[in-house]
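Text of protein.txt (compact mmCIF, C-alpha atoms) as supplied:
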# COMPACT_ATOMS: atom_id res chain seq x y z
CA MET B 836 9.35 21.53 -11.60
CA LYS B 837 7.32 20.55 -14.65
CA GLU B 838 7.79 16.90 -13.78
CA LEU B 839 6.66 17.54 -10.21
CA GLN B 840 3.51 19.29 -11.41
CA SER B 841 2.62 16.49 -13.80
CA ARG B 842 3.13 13.86 -11.07
CA LEU B 843 1.01 15.89 -8.65
CA ARG B 844 -1.72 16.02 -11.29
CA LEU B 845 -1.41 12.28 -11.84
CA GLY B 846 -1.87 11.77 -8.09
CA TRP B 847 -5.13 13.72 -8.19
CA PHE B 848 -6.41 11.77 -11.22
CA VAL B 849 -5.68 8.45 -9.52
CA PHE B 850 -7.29 9.65 -6.29
CA VAL B 851 -10.47 10.75 -8.09
CA ALA B 852 -10.61 7.40 -9.91
CA LEU B 853 -10.24 5.56 -6.59
CA VAL B 854 -13.05 7.58 -4.98
CA VAL B 855 -15.34 7.01 -7.97
CA LEU B 856 -14.65 3.27 -7.90
CA THR B 857 -15.25 3.03 -4.14
CA VAL B 858 -18.51 4.97 -4.24
CA ALA B 859 -19.65 2.99 -7.30
CA GLU B 860 -18.85 -0.23 -5.44
CA TYR B 861 -21.01 0.89 -2.52
CA TYR B 862 -23.82 2.03 -4.83
CA VAL B 863 -23.85 -1.21 -6.84
CA VAL B 864 -24.01 -3.39 -3.74
CA THR B 865 -26.74 -1.36 -2.04
CA THR B 866 -28.94 -1.11 -5.12
CA SER B 867 -28.45 -4.48 -6.84
CA PRO B 868 -30.01 -7.74 -5.71
CA PRO B 869 -27.59 -10.18 -4.06
CA GLY B 870 -26.13 -12.68 -6.47
CA ALA B 871 -23.23 -13.78 -8.59
CA ILE B 872 -23.26 -10.67 -10.79
CA THR B 873 -23.04 -8.33 -7.80
CA ILE B 874 -20.17 -10.37 -6.36
CA ALA B 875 -18.39 -10.32 -9.73
CA MET B 876 -18.77 -6.54 -9.95
CA LEU B 877 -17.47 -6.18 -6.41
CA LEU B 878 -14.39 -8.16 -7.38
CA VAL B 879 -13.82 -5.97 -10.43
CA PHE B 880 -14.04 -2.81 -8.32
CA GLN B 881 -11.70 -4.22 -5.66
CA PHE B 882 -9.03 -5.28 -8.09
CA ALA B 883 -9.28 -2.04 -10.08
CA ASP B 884 -8.82 -0.05 -6.86
CA ALA B 885 -5.90 -2.17 -5.71
CA GLY B 886 -4.31 -2.12 -9.17
CA LEU B 887 -4.40 1.67 -9.34
CA ILE B 888 -2.77 2.02 -5.92
CA ILE B 889 -0.13 -0.63 -6.59
CA TRP B 890 0.75 0.72 -10.03
CA TYR B 891 0.64 4.49 -9.53
CA PHE B 892 1.19 5.02 -5.80
CA MET B 893 3.42 2.05 -4.92
CA HIS B 894 5.35 2.18 -8.22
CA VAL B 895 5.54 -1.58 -8.54
CA SER B 896 7.17 -1.16 -11.97
CA GLN B 897 10.34 -0.01 -10.18
CA LEU B 898 11.02 -3.71 -9.60
CA TRP B 899 11.79 -4.27 -13.27
CA ARG B 900 12.64 -0.68 -14.25
CA ALA B 901 14.92 0.32 -11.39
CA HIS B 902 16.34 3.36 -13.17
CA ASP B 903 12.91 5.02 -13.54
CA ALA B 904 12.41 6.22 -10.01
CA PRO B 905 15.63 7.42 -8.47
CA GLN B 906 16.18 7.37 -4.74
CA GLN B 907 18.14 10.57 -5.09
CA ARG B 908 16.35 13.87 -5.38
CA THR B 909 15.51 14.86 -8.91
CA THR B 910 16.02 18.61 -8.43
CA MET O 1089 32.08 -19.08 -4.52
CA PRO O 1090 34.59 -21.36 -6.38
CA GLY O 1091 33.75 -21.74 -10.03
CA TRP O 1092 31.34 -18.83 -10.01
CA THR O 1093 33.39 -16.76 -12.42
CA HIS O 1094 33.60 -19.67 -14.90
CA LYS O 1095 29.87 -19.65 -15.53
CA THR O 1096 28.60 -17.87 -18.58
CA ASP O 1097 26.65 -14.66 -18.19
CA GLU O 1098 23.57 -16.40 -19.52
CA THR O 1099 23.71 -19.16 -16.91
CA VAL O 1100 24.22 -16.68 -14.10
CA GLN O 1101 21.33 -14.60 -15.38
CA HIS O 1102 19.10 -17.68 -15.41
CA MET O 1103 20.16 -18.70 -11.88
CA SER O 1104 19.64 -15.30 -10.37
CA ASP O 1105 16.25 -14.99 -12.06
CA PHE O 1106 15.26 -18.26 -10.42
CA VAL O 1107 16.56 -17.45 -6.93
CA LEU O 1108 15.66 -13.77 -6.75
CA PRO O 1109 14.05 -11.79 -9.55
CA LEU O 1110 16.42 -8.84 -9.51
CA PRO O 1111 16.45 -6.33 -12.34
CA LYS O 1112 18.81 -7.24 -15.17
CA HIS O 1113 21.31 -4.51 -14.42
CA GLU O 1114 21.75 -6.01 -10.95
CA THR O 1115 22.77 -9.33 -12.37
CA ALA O 1116 25.29 -7.60 -14.54
CA VAL O 1117 26.78 -5.99 -11.45
CA ALA O 1118 27.02 -9.37 -9.75
CA VAL O 1119 28.72 -10.97 -12.73
CA HIS O 1120 31.17 -8.20 -13.47
CA GLY O 1121 32.68 -7.80 -10.03
CA ALA O 1122 34.68 -4.73 -10.98
CA ALA O 1123 31.49 -2.73 -11.33
CA VAL O 1124 30.25 -3.53 -7.83
CA HIS O 1125 31.60 -0.40 -6.13
CA GLU O 1126 30.56 1.87 -8.93
CA HIS O 1127 26.93 0.75 -8.77
CA ALA O 1128 26.67 -0.04 -5.06
CA PRO O 1129 24.00 2.56 -4.08
CA ALA O 1130 21.60 1.64 -6.91
CA SER O 1131 22.17 -2.03 -6.22
CA SER O 1132 21.39 -1.60 -2.55
CA LEU O 1133 18.23 0.36 -3.35
CA SER O 1134 16.98 -2.36 -5.69
CA ARG O 1135 17.60 -5.00 -3.04
CA ASN O 1136 15.77 -2.91 -0.48
CA ARG O 1137 12.81 -2.62 -2.80
CA VAL O 1138 12.72 -6.33 -3.60
CA GLY O 1139 12.95 -7.10 0.12
CA LEU O 1140 10.11 -4.73 0.93
CA TRP O 1141 7.89 -6.26 -1.76
CA TRP O 1142 8.59 -9.76 -0.42
CA PHE O 1143 7.59 -8.52 3.03
CA ILE O 1144 4.40 -6.97 1.61
CA LEU O 1145 3.61 -10.21 -0.20
CA SER O 1146 3.98 -12.17 3.05
CA GLU O 1147 1.61 -9.71 4.72
CA CYS O 1148 -0.89 -10.29 1.91
CA PHE O 1149 -1.00 -13.98 2.82
CA LEU O 1150 -1.73 -13.07 6.44
CA PHE O 1151 -4.70 -10.92 5.43
CA LEU O 1152 -5.84 -13.55 2.92
CA ALA O 1153 -5.97 -16.14 5.70
CA PHE O 1154 -8.29 -13.93 7.75
CA ILE O 1155 -10.44 -13.00 4.75
CA SER O 1156 -10.83 -16.64 3.74
CA ALA O 1157 -11.81 -17.47 7.35
CA ARG O 1158 -14.65 -14.96 6.98
CA TYR O 1159 -16.04 -16.73 3.93
CA TYR O 1160 -15.49 -20.18 5.46
CA LEU O 1161 -17.39 -19.28 8.64
CA LEU O 1162 -20.17 -17.14 7.20
CA GLY O 1163 -20.40 -17.65 3.46
CA LEU O 1164 -22.03 -14.53 2.01
CA GLU O 1165 -24.04 -13.63 5.13
CA ARG O 1166 -23.79 -10.09 6.44
CA PRO O 1167 -25.46 -8.61 9.54
CA ALA O 1168 -27.83 -5.71 8.85
CA GLU O 1169 -26.55 -3.79 11.89
CA LEU O 1170 -23.23 -2.89 10.25
CA ASN O 1171 -22.68 0.87 10.06
CA GLN O 1172 -22.47 1.24 6.28
CA ALA O 1173 -21.88 5.00 6.32
CA LEU O 1174 -18.96 4.59 8.69
CA GLY O 1175 -17.46 1.81 6.56
CA LEU O 1176 -17.61 3.96 3.44
CA GLY O 1177 -16.28 6.97 5.34
CA LEU O 1178 -13.30 4.99 6.65
CA SER O 1179 -12.53 3.81 3.11
CA LEU O 1180 -12.59 7.34 1.72
CA LEU O 1181 -10.42 8.51 4.61
CA LEU O 1182 -7.74 5.96 3.75
CA LEU O 1183 -7.89 6.93 0.06
CA VAL O 1184 -7.25 10.58 0.97
CA SER O 1185 -4.35 9.48 3.17
CA SER O 1186 -2.88 7.55 0.23
CA LEU O 1187 -2.93 10.74 -1.83
CA THR O 1188 -1.19 12.73 0.90
CA ALA O 1189 1.38 9.96 1.38
CA TYR O 1190 2.06 10.02 -2.38
CA ARG O 1191 2.52 13.80 -2.23
CA ALA O 1192 4.87 13.45 0.75
CA GLU O 1193 7.06 11.05 -1.24
CA LEU O 1194 7.05 13.45 -4.19
CA GLY O 1195 8.14 16.24 -1.85
CA ALA O 1196 11.05 14.13 -0.63
CA GLN O 1197 12.06 13.19 -4.17
CA HIS O 1198 12.11 16.83 -5.24
CA GLY O 1199 13.84 18.19 -2.16
CA ASP O 1200 10.71 20.05 -1.06
CA ARG O 1201 10.92 19.62 2.70
CA ARG O 1202 7.80 21.69 3.41
CA ARG O 1203 5.68 19.53 1.11
CA LEU O 1204 7.13 16.40 2.71
CA LEU O 1205 6.41 17.61 6.26
CA ARG O 1206 2.94 18.96 5.51
CA ASN O 1207 1.75 15.83 3.72
CA THR O 1208 3.35 13.43 6.19
CA ALA O 1209 1.64 15.23 9.06
CA THR O 1210 -1.71 15.12 7.23
CA THR O 1211 -1.29 11.40 6.56
CA ILE O 1212 -0.54 10.76 10.23
CA LEU O 1213 -3.57 12.77 11.25
CA LEU O 1214 -5.83 10.87 8.82
CA GLY O 1215 -4.43 7.59 10.14
CA LEU O 1216 -5.29 8.61 13.69
CA VAL O 1217 -8.80 9.66 12.66
CA PHE O 1218 -9.18 6.27 10.95
CA LEU O 1219 -8.17 4.53 14.19
CA MET O 1220 -10.71 6.59 16.13
CA GLY O 1221 -13.35 5.59 13.57
CA VAL O 1222 -12.47 1.92 14.06
CA GLY O 1223 -12.69 2.43 17.84
CA TYR O 1224 -16.16 3.91 17.45
CA GLU O 1225 -17.16 1.04 15.14
CA TRP O 1226 -15.91 -1.44 17.75
CA SER O 1227 -18.03 0.16 20.46
CA GLU O 1228 -21.11 -0.30 18.24
CA ALA O 1229 -20.09 -3.76 17.08
CA LEU O 1230 -19.68 -5.07 20.62
CA VAL O 1231 -23.40 -4.51 21.15
CA HIS O 1232 -24.60 -6.15 17.93
CA PHE O 1233 -22.16 -8.99 17.35
CA PRO O 1234 -19.97 -9.89 20.35
CA PRO O 1235 -16.59 -11.59 19.70
CA SER O 1236 -18.02 -14.91 20.95
CA GLU O 1237 -20.18 -15.15 17.78
CA ALA O 1238 -18.83 -16.15 14.37
CA PHE O 1239 -19.22 -12.77 12.71
CA GLY O 1240 -17.91 -11.01 15.81
CA THR O 1241 -14.77 -13.18 15.74
CA VAL O 1242 -14.15 -12.42 12.08
CA PHE O 1243 -15.00 -8.74 12.38
CA PHE O 1244 -12.79 -8.02 15.39
CA SER O 1245 -9.90 -10.15 14.06
CA LEU O 1246 -9.85 -8.54 10.63
CA THR O 1247 -10.40 -4.95 11.72
CA GLY O 1248 -8.04 -5.41 14.67
CA LEU O 1249 -5.29 -6.84 12.47
CA HIS O 1250 -5.73 -4.01 10.01
CA ALA O 1251 -5.90 -1.33 12.72
CA PHE O 1252 -2.62 -2.65 14.12
CA HIS O 1253 -1.06 -2.20 10.67
CA VAL O 1254 -2.45 1.33 10.47
CA LEU O 1255 -0.92 2.04 13.87
CA SER O 1256 2.47 0.69 12.70
CA GLY O 1257 2.19 2.89 9.61
CA VAL O 1258 1.46 5.93 11.75
CA VAL O 1259 4.53 5.20 13.89
CA LEU O 1260 6.70 4.80 10.77
CA LEU O 1261 5.40 8.06 9.31
CA ALA O 1262 5.97 9.81 12.63
CA LEU O 1263 9.62 8.68 12.41
CA VAL O 1264 9.77 10.01 8.85
CA TYR O 1265 8.34 13.33 10.05
CA TRP O 1266 10.86 13.50 12.87
CA ASN O 1267 13.77 12.72 10.55
CA ALA O 1268 12.55 15.17 7.91
CA ARG O 1269 12.39 17.96 10.47
CA ARG O 1270 16.01 17.25 11.33
CA GLY O 1271 16.95 17.42 7.65
CA ARG O 1272 17.80 13.74 7.45
CA TYR O 1273 16.47 13.46 3.88
CA ASP O 1274 18.06 16.65 2.59
CA SER O 1275 21.15 14.71 1.52
CA GLY O 1276 19.06 12.96 -1.14
CA SER O 1277 18.79 9.48 0.36
CA ILE O 1278 15.05 9.02 0.85
CA TRP O 1279 14.67 5.25 1.19
CA GLY O 1280 13.10 5.73 4.65
CA VAL O 1281 10.36 7.90 3.15
CA GLU O 1282 9.80 5.60 0.19
CA ALA O 1283 9.55 2.45 2.32
CA SER O 1284 7.20 4.01 4.89
CA VAL O 1285 4.95 5.44 2.17
CA LYS O 1286 4.85 2.08 0.34
CA TYR O 1287 3.87 0.39 3.58
CA TRP O 1288 1.12 2.96 4.07
CA HIS O 1289 -0.22 2.31 0.57
CA PHE O 1290 -0.18 -1.42 1.32
CA VAL O 1291 -2.37 -0.75 4.40
CA ASP O 1292 -4.77 1.02 2.04
CA VAL O 1293 -4.74 -1.89 -0.44
CA ALA O 1294 -5.51 -4.30 2.41
CA TRP O 1295 -8.54 -2.17 3.36
CA VAL O 1296 -9.70 -2.14 -0.28
CA PHE O 1297 -10.30 -5.88 0.16
CA ILE O 1298 -11.36 -5.88 3.82
CA TYR O 1299 -14.07 -3.24 3.37
CA PRO O 1300 -16.23 -5.18 0.88
CA THR O 1301 -15.47 -8.44 2.66
CA LEU O 1302 -16.98 -7.17 5.91
CA TYR O 1303 -19.44 -4.47 4.86
CA LEU O 1304 -20.65 -5.15 1.33
CA VAL O 1305 -20.62 -8.82 0.35
CA ARG O 1306 -24.01 -10.52 0.55
Could I get this file's structure written as structure tokens?
Amino acid sequence: MKELQSRLRLGWFVFVALVVLTVAEYYVVTTSPPGAITIAMLLVFQFADAGLIIWYFMHVSQLWRAHDAPQQRTT
Amino acid sequence: MPGWTHKTDETVQHMSDFVLPLPKHETAVAVHGAAVHEHAPASSLSRNRVGLWWFILSECFLFLAFISARYYLLGLERPAELNQALGLGLSLLLLVSSLTAYRAELGAQHGDRRRLLRNTATTILLGLVFLMGVGYEWSEALVHFPPSEAFGTVFFSLTGLHAFHVLSGVVLLALVYWNARRGRYDSGSIWGVEASVKYWHFVDVAWVFIYPTLYLVR
């Protein structure tokens, strides 16, 4: 139960981070002049967003740590 | 395979790493045949996961082809008529759906059928709302940039391709919901949930790149 609660909390943290990154991405593009720096920042936001989803929601690390996330129920 | 058992563990490890990057414990199972039955379920799960990731990677190339077409045809141009609020809203909607999908998977892993059902249903609902949003965006886009123009071609191809993936995800999650209601995942085998949820997250990752490509870059 404790593990479930901590993973639920982690889900919320990741979600809030994703929302902040997405809104920041929108804000930066609409307020900054077009140019290389804006594009570079966009790329950073995109890859940060994707990285968070792939790492925390898609559990990509299961590919090299198969025992970490069991298919069977944990409780 | 003749001669297979004569190879050293190290050689076999090297070969399997080259052909298919399975986790190390998998290779050990392949080498020590006696352990195959004992570890069969875990082995099968790892193969399923590797297969799913290969599939997702192949899908990435498909989306990359369309995204690169956008930059090839238009460079950094972007029409002013794009509905920015709707684009941002659709992005946030998919992020919420990723959270609910994550919670659905957690419910399945912890044998909490109610959590699984509730979050799967919410994810499906959010997916359908997303599709309605895309439909509304299409009705506006048809007026401002018809498919016969360069941006129209790119816009309708990319959003259409992505919407089709969202629709497939909704269908998969509907199957998960149906199976969960029948208690299919109560036995503990939840690969169906895990795979469908991973696919849903992939749809979200694809949108993370499509959204700035269409709406923000300039």
Original post:
To one decimal place, how far is CA of Val1184 (chain O) from CA of Leu1249 (chain O) in Å?
Top reply: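 Computed distance, CA of Val1184 (chain O) to CA of Leu1249 (chain O), equals 21.0 Å.
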Could the residues of chain O that have an atom at most 9 Å from chain B be listed as a tab-separated table, each with its closest atom pair and the distance in Å to one decimal, counting only C-alpha atoms and ordered by chain and ascending residue number?
residue	atom	partner	partner_atom	distance
O:Pro1109	CA	B:Leu898	CA	8.6
O:Leu1110	CA	B:Leu898	CA	7.4
O:Pro1111	CA	B:Trp899	CA	5.2
O:Lys1112	CA	B:Trp899	CA	7.9
O:His1113	CA	B:Ala901	CA	8.6
O:Ala1130	CA	B:Ala901	CA	8.2
O:Leu1133	CA	B:Gln906	CA	7.4
O:Ser1134	CA	B:Ala901	CA	6.6
O:Arg1137	CA	B:Leu898	CA	7.1
O:Val1138	CA	B:Leu898	CA	6.8
O:Trp1141	CA	B:Val895	CA	8.6
O:Gln1172	CA	B:Tyr861	CA	8.9
O:Leu1176	CA	B:Tyr861	CA	7.5
O:Ser1179	CA	B:Thr857	CA	7.8
O:Leu1180	CA	B:Val854	CA	6.7
O:Leu1183	CA	B:Phe850	CA	6.9
O:Val1184	CA	B:Phe850	CA	7.3
O:Ser1186	CA	B:Phe892	CA	7.7
O:Leu1187	CA	B:Phe850	CA	6.3
O:Ala1189	CA	B:Phe892	CA	8.7
O:Tyr1190	CA	B:Phe892	CA	6.1
O:Arg1191	CA	B:Leu843	CA	6.9
O:Leu1194	CA	B:Leu839	CA	7.3
O:Gly1195	CA	B:Leu839	CA	8.6
O:Ala1196	CA	B:Arg908	CA	7.1
O:Gln1197	CA	B:Arg908	CA	4.5
O:His1198	CA	B:Arg908	CA	5.2
O:Gly1199	CA	B:Arg908	CA	5.9
O:Asp1274	CA	B:Arg908	CA	8.6
O:Ser1275	CA	B:Gln907	CA	8.4
O:Gly1276	CA	B:Gln907	CA	4.7
O:Ser1277	CA	B:Gln907	CA	5.6
O:Ile1278	CA	B:Gln906	CA	5.9
O:Trp1279	CA	B:Gln906	CA	6.5
O:Glu1282	CA	B:Gln906	CA	8.3
O:Val1285	CA	B:Met893	CA	8.0
O:Lys1286	CA	B:Met893	CA	5.5
O:Tyr1287	CA	B:Met893	CA	8.7
O:His1289	CA	B:Met893	CA	6.6
O:Phe1290	CA	B:Ile889	CA	7.9
O:Asp1292	CA	B:Ile888	CA	8.3
O:Val1293	CA	B:Ala885	CA	5.4
O:Ala1294	CA	B:Ala885	CA	8.4
O:Val1296	CA	B:Gln881	CA	6.1
O:Phe1297	CA	B:Gln881	CA	6.2
O:Pro1300	CA	B:Leu877	CA	7.5
O:Leu1304	CA	B:Val864	CA	6.3
O:Val1305	CA	B:Ile874	CA	6.9
O:Arg1306	CA	B:Pro869	CA	5.8
Subject >> Atom pair CA of Arg1202 (chain O) / CA of Leu1181 (chain O): separation (Å) >> reply: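 About the pair CA of Arg1202 (chain O) and CA of Leu1181 (chain O): they are 22.5 Å apart.
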**OP:** Using only C-alpha atoms, determine which residues lie at most 10 Å from Phe1218 (chain O), disregarding the query and same-chain residues fewer than 6 positions distant; provide the list as a PyMOL selection string.
**Re:** chain O and resi 1177-1182+1185+1212+1224+1251+1254-1255
Subject >> Protein/DNA/RNA residues near (-9.0, -10.6, 5.1), cut 12 Å, all atoms listed in the file, as a VMD selection string >> reply: chain O and resid 1147 to 1160 1242 to 1250 1291 1293 to 1302
Original post:
Could you work out how far CA of Ala1268 (chain O) lies from CA of Asn1136 (chain O), giving the answer in Å with one decimal?
Top reply: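 So the answer is 20.2 Å.
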